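Colleague: Just one file: structure-v7.cif, with mmCIF, C-alpha atoms.
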data_entry
#
loop_
_atom_site.label_atom_id
_atom_site.label_comp_id
_atom_site.auth_asym_id
_atom_site.auth_seq_id
_atom_site.Cartn_x
_atom_site.Cartn_y
_atom_site.Cartn_z
CA ASN A 213 8.92 -15.00 -13.99
CA HIS A 214 6.70 -16.29 -16.76
CA ILE A 215 3.34 -14.50 -16.99
CA PRO A 216 0.59 -17.14 -17.33
CA ASP A 217 -1.28 -17.07 -20.65
CA THR A 218 -4.52 -16.28 -18.80
CA VAL A 219 -3.04 -13.18 -17.12
CA SER A 220 -3.10 -10.01 -19.22
CA ASP A 221 -0.25 -7.53 -19.40
CA GLU A 222 -2.40 -5.03 -17.53
CA GLN A 223 -3.08 -7.53 -14.75
CA ALA A 224 0.65 -8.25 -14.43
CA LEU A 225 1.86 -4.67 -14.79
CA LEU A 226 2.36 -3.93 -11.09
CA VAL A 227 3.63 -7.34 -10.01
CA GLY A 228 7.35 -6.58 -9.97
CA ASP A 229 6.99 -3.20 -8.26
CA VAL A 230 4.34 -1.99 -5.82
CA LEU A 231 2.47 -5.30 -5.63
CA ALA A 232 5.65 -7.18 -4.70
CA THR A 233 6.21 -4.54 -2.03
CA GLY A 234 2.72 -4.95 -0.60
CA PHE A 235 2.95 -8.73 -0.64
CA TRP A 236 6.32 -8.68 1.15
CA ALA A 237 4.99 -6.21 3.74
CA ALA A 238 1.91 -8.30 4.49
CA ARG A 239 4.02 -11.45 4.79
CA ILE A 240 6.59 -10.11 7.26
CA SER A 241 3.88 -8.43 9.35
CA GLU A 242 2.60 -11.81 10.60
CA VAL A 243 -1.05 -10.80 10.25
CA SER A 244 -3.52 -13.16 11.94
CA GLU A 245 -7.29 -13.45 11.68
CA GLU A 246 -7.73 -11.89 15.14
CA ASP A 247 -5.77 -8.75 14.33
CA THR A 248 -6.72 -5.15 13.81
CA VAL A 249 -4.48 -3.93 10.99
CA LEU A 250 -3.78 -0.27 10.28
CA ILE A 251 -2.37 0.75 6.89
CA ILE A 252 -1.12 4.34 6.72
CA GLY A 253 -1.25 5.63 3.16
CA ALA A 254 -3.59 4.76 0.26
CA GLY A 255 -1.35 5.50 -2.68
CA PRO A 256 -0.49 2.75 -5.18
CA THR A 257 1.78 0.91 -2.73
CA GLY A 258 -0.71 1.37 0.10
CA ILE A 259 -3.57 -0.13 -1.89
CA CYS A 260 -1.39 -3.03 -3.06
CA THR A 261 -0.50 -3.60 0.58
CA LEU A 262 -4.21 -3.53 1.42
CA LEU A 263 -4.97 -6.15 -1.26
CA CYS A 264 -2.35 -8.47 0.22
CA VAL A 265 -3.48 -7.89 3.80
CA LEU A 266 -7.04 -8.76 2.74
CA LEU A 267 -5.76 -12.23 1.81
CA LYS A 268 -4.87 -12.75 5.48
CA LYS A 269 -8.51 -12.08 6.52
CA PRO A 270 -7.81 -10.08 9.70
CA ARG A 271 -10.69 -9.13 11.98
CA ARG A 272 -10.52 -5.46 11.07
CA ILE A 273 -8.60 -3.34 8.54
CA ILE A 274 -8.29 0.43 8.80
CA VAL A 275 -6.73 2.62 6.13
CA CYS A 276 -5.50 6.08 7.14
CA GLU A 277 -5.39 8.56 4.24
CA LYS A 278 -5.49 12.35 4.10
CA SER A 279 -6.43 12.68 0.41
CA PRO A 280 -10.24 12.78 0.03
CA GLU A 281 -10.00 11.29 -3.47
CA ARG A 282 -7.89 8.34 -2.39
CA ALA A 283 -10.02 7.79 0.71
CA ARG A 284 -13.10 7.76 -1.52
CA PHE A 285 -11.42 5.23 -3.84
CA VAL A 286 -10.85 2.85 -0.91
CA ARG A 287 -14.42 3.26 0.37
CA GLN A 288 -15.91 2.60 -3.07
CA ARG A 289 -13.71 -0.36 -4.03
CA TYR A 290 -13.27 -2.03 -0.65
CA PRO A 291 -16.39 -1.33 1.43
CA GLU A 292 -15.35 -3.83 4.13
CA VAL A 293 -12.34 -1.62 4.95
CA LEU A 294 -12.65 1.26 7.43
CA VAL A 295 -11.14 4.64 6.47
CA ALA A 296 -9.82 7.33 8.79
CA ASP A 297 -7.92 10.57 8.29
CA PRO A 298 -4.66 11.35 10.15
CA GLU A 299 -6.31 13.78 12.55
CA ASN A 300 -8.66 11.19 14.08
CA CYS A 301 -6.70 8.01 13.32
CA LYS A 302 -5.49 7.41 16.88
CA GLU A 303 -9.03 7.69 18.27
CA PHE A 304 -10.32 5.52 15.43
CA VAL A 305 -8.01 2.65 16.36
CA HIS A 306 -9.14 2.81 19.98
CA GLY A 307 -6.72 0.76 22.04
CA GLY A 308 -4.23 0.55 19.19
CA ALA A 309 -3.69 -1.72 16.20
CA ASP A 310 -2.05 -5.15 16.42
CA VAL A 311 -0.20 -4.52 13.16
CA VAL A 312 0.66 -1.17 11.60
CA LEU A 313 2.02 -0.82 8.07
CA GLU A 314 3.49 2.60 7.32
CA VAL A 315 3.35 3.22 3.58
CA ALA A 316 3.07 7.02 3.37
CA GLY A 317 6.61 8.14 4.12
CA SER A 318 6.55 11.39 6.08
CA GLU A 319 7.79 12.38 9.53
CA ASP A 320 4.20 12.75 10.69
CA THR A 321 3.14 9.32 9.42
CA PHE A 322 6.21 7.66 10.93
CA ARG A 323 5.22 8.99 14.35
CA LEU A 324 1.57 8.13 13.73
CA ALA A 325 2.54 4.52 12.97
CA TRP A 326 4.08 3.73 16.34
CA ASP A 327 1.67 6.03 18.19
CA CYS A 328 -1.34 4.07 16.86
CA ALA A 329 0.19 0.69 17.68
CA ARG A 330 -0.93 -1.16 20.78
CA PRO A 331 1.68 -2.51 23.21
CA ASN A 332 3.57 -5.50 21.74
CA ALA A 333 2.41 -4.66 18.20
CA ILE A 334 4.35 -5.10 14.96
CA VAL A 335 5.14 -1.91 13.03
CA THR A 336 6.24 -2.57 9.46
CA ILE A 337 7.91 0.27 7.60
CA VAL A 338 7.16 0.05 3.89
CA ALA A 339 7.68 3.73 3.08
CA LEU A 340 10.76 5.49 1.78
CA TYR A 341 11.74 8.70 3.60
CA ASP A 342 13.52 11.82 2.38
CA LYS A 343 15.56 12.01 5.58
CA PRO A 344 16.37 9.87 8.64
CA GLN A 345 13.61 9.31 11.19
CA LEU A 346 14.12 9.41 14.95
CA LEU A 347 12.96 6.80 17.42
CA PRO A 348 11.86 8.79 20.50
CA LEU A 349 12.43 5.89 22.84
CA PRO A 350 11.32 7.68 26.04
CA ASP A 351 7.90 8.28 24.42
CA MET A 352 7.73 4.66 23.30
CA TYR A 353 8.74 3.23 26.64
CA GLY A 354 6.49 0.37 27.69
CA LYS A 355 5.00 -0.23 24.24
CA ASN A 356 7.50 -3.04 23.49
CA LEU A 357 7.09 -2.64 19.74
CA THR A 358 8.68 -4.78 17.06
CA PHE A 359 9.81 -2.76 14.01
CA LYS A 360 10.27 -4.50 10.66
CA THR A 361 11.72 -2.94 7.54
CA GLY A 362 14.14 -3.62 4.72
CA GLY A 363 14.51 -3.89 0.99
CA VAL A 364 11.93 -5.64 -1.14
CA ASP A 365 12.97 -8.37 -3.55
CA GLY A 366 11.08 -10.17 -6.28
CA CYS A 367 11.14 -13.64 -4.77
CA ASP A 368 7.34 -13.78 -4.42
CA CYS A 369 6.43 -12.78 -7.98
CA ALA A 370 5.59 -16.31 -9.11
CA GLU A 371 3.20 -16.75 -6.18
CA ILE A 372 1.67 -13.33 -6.84
CA LEU A 373 1.07 -14.20 -10.51
CA ASN A 374 -0.66 -17.41 -9.43
CA LEU A 375 -2.92 -15.43 -7.09
CA ILE A 376 -3.79 -13.06 -9.93
CA GLU A 377 -4.54 -16.02 -12.20
CA GLU A 378 -6.84 -17.45 -9.49
CA GLY A 379 -8.69 -14.12 -9.22
CA LYS A 380 -7.55 -13.47 -5.65
CA ILE A 381 -5.67 -10.24 -6.41
CA ASP A 382 -6.74 -7.60 -8.92
CA THR A 383 -4.74 -4.41 -9.30
CA THR A 384 -6.34 -3.24 -12.55
CA PRO A 385 -8.60 -0.68 -10.76
CA LEU A 386 -5.41 1.12 -9.70
CA ILE A 387 -4.65 1.92 -13.35
CA THR A 388 -6.82 4.99 -13.53
CA HIS A 389 -5.22 6.58 -16.61
CA LYS A 390 -3.79 5.30 -19.90
CA PHE A 391 -1.69 7.21 -22.41
CA PRO A 392 0.11 6.38 -25.64
CA LEU A 393 3.87 6.63 -25.54
CA SER A 394 3.67 9.85 -27.58
CA GLU A 395 1.91 11.56 -24.63
CA ILE A 396 4.24 10.39 -21.88
CA GLU A 397 5.08 13.95 -20.78
CA GLU A 398 1.41 14.64 -20.10
CA ALA A 399 1.17 11.33 -18.24
CA TYR A 400 4.07 12.32 -16.00
CA ARG A 401 2.54 15.76 -15.40
CA ILE A 402 -0.74 14.27 -14.23
CA PHE A 403 0.96 11.62 -12.08
CA GLU A 404 3.50 13.98 -10.50
CA ASN A 405 0.85 16.53 -9.55
CA ARG A 406 -1.76 13.94 -8.53
CA LEU A 407 -4.38 15.39 -10.88
CA ASP A 408 -7.74 13.98 -11.89
CA GLY A 409 -7.81 11.31 -9.16
CA VAL A 410 -4.79 9.53 -10.63
CA ILE A 411 -3.41 6.47 -8.88
CA LYS A 412 -1.39 4.66 -11.54
CA VAL A 413 -0.76 5.46 -15.21
CA ALA A 414 -0.20 2.86 -17.90
CA ILE A 415 1.77 3.81 -21.01
CA GLU A 416 0.63 1.92 -24.08
CA GLY A 417 2.87 1.63 -27.11
CA ASN A 418 4.24 -0.80 -29.64
CA LEU A 419 7.71 -2.13 -29.04
CA ILE A 420 10.17 -1.43 -31.85
CA LYS A 421 12.17 -4.58 -32.46
CA PRO A 422 15.73 -4.27 -33.77
CA VAL A 423 16.25 -5.48 -37.30
#
Do you think you could lay out the structure here as structure tokens?
Modeller:
Amino acid sequence: NHIPDTVSDEQALLVGDVLATGFWAARISEVSEEDTVLIIGAGPTGICTLLCVLLKKPRRIIVCEKSPERARFVRQRYPEVLVADPENCKEFVHGGADVVLEVAGSEDTFRLAWDCARPNAIVTIVALYDKPQLLPLPDMYGKNLTFKTGGVDGCDCAEILNLIEEGKIDTTPLITHKFPLSEIEEAYRIFENRLDGVIKVAIEGNLIKPV
């Protein structure tokens, strides 16, 4: 997809990856303006999912995140969004959420996703898991949940770039750190260990063109 001249490289950096994932997740979740939406996980993909859910203008959005730094980032950047931690999330979404998007990717968050959903809710699985997850159907009996999941493609990138150009999506606050290509090992160290409040790292360097 062609990046519009008015969209910077930094603005477009996440389009083909986590932002495409968040946009796809919000689209298949059928979010309406009357819904309470719960997003589990406030990492880069979780926040991109949040940005795309905000476009749907649901009645209430709750983000569940265990990291104090990431929870603080959401509170500071998106004050209209409610934030809960995993321990009190079920009580926080009293009665259950109409739509749950699971973006964290652990056994605990998988269970939390369907446990926090109201009867007849949609549960969208965005996360990748290290091992298979079990559906404890006897525990779910009567909830009549619809699960949605699958692979993300790039078919929405043109629309996403238009939304960025119109100022409706801005992922630049997620780029919390920048490094030159010569310091890429340090960039990976900080990102892998989640140091210094990192969310996303941008590597800046000049392309070497073949002669």
Colleague: Any chance you could resolve the PyMOL selection byres ((chain A and resi 237) around 9) against this file and give the residues as a list in words?
Modeller: Ala232, Thr233, Gly234, Phe235, Trp236, Ala238, Arg239, Ile240, Ser241, Thr261, Cys264, Val265, Leu313, Thr336, Ile337, Val338, Lys360, Thr361 and Val364 of chain A
Colleague: I need the residue nearest A:Thr248 from this list: A:Asp310, A:Glu299, A:Asp365, A:Glu222. Use all atoms listed in the file for the distance.
Modeller: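 Ranking A:Asp310, A:Glu299, A:Asp365, A:Glu222 by distance to A:Thr248, first place goes to A:Asp310.
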Colleague: For the provided coordinates, the residues matched by the PyMOL selection byres ((chain A and resi 374) around 12) should be stated as a list in words.
Modeller: Asn213, His214, Ile215, Pro216, Asp217, Thr218, Val219, Gln223, Ala224, Val227, Asp368, Cys369, Ala370, Glu371, Ile372, Leu373, Leu375, Ile376, Glu377, Glu378, Gly379, Lys380, Ile381 and Asp382 of chain A
Colleague: From the set A:Leu346, A:Leu225, A:Leu357, A:Ala296, which residue has the shortest atom-to-atom contact distance to A:Pro331, counting all atoms listed in the file?
Modeller: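 Among the listed residues, A:Leu357 lies closest to A:Pro331.
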Colleague: For each of A:Ala339, A:Leu393, A:Ala329, A:Ile251, take the minimum atom-to-atom distance to A:Gly317, counting all atoms listed in the file, then give the residue where this is smallest.
Modeller: A:Ala339
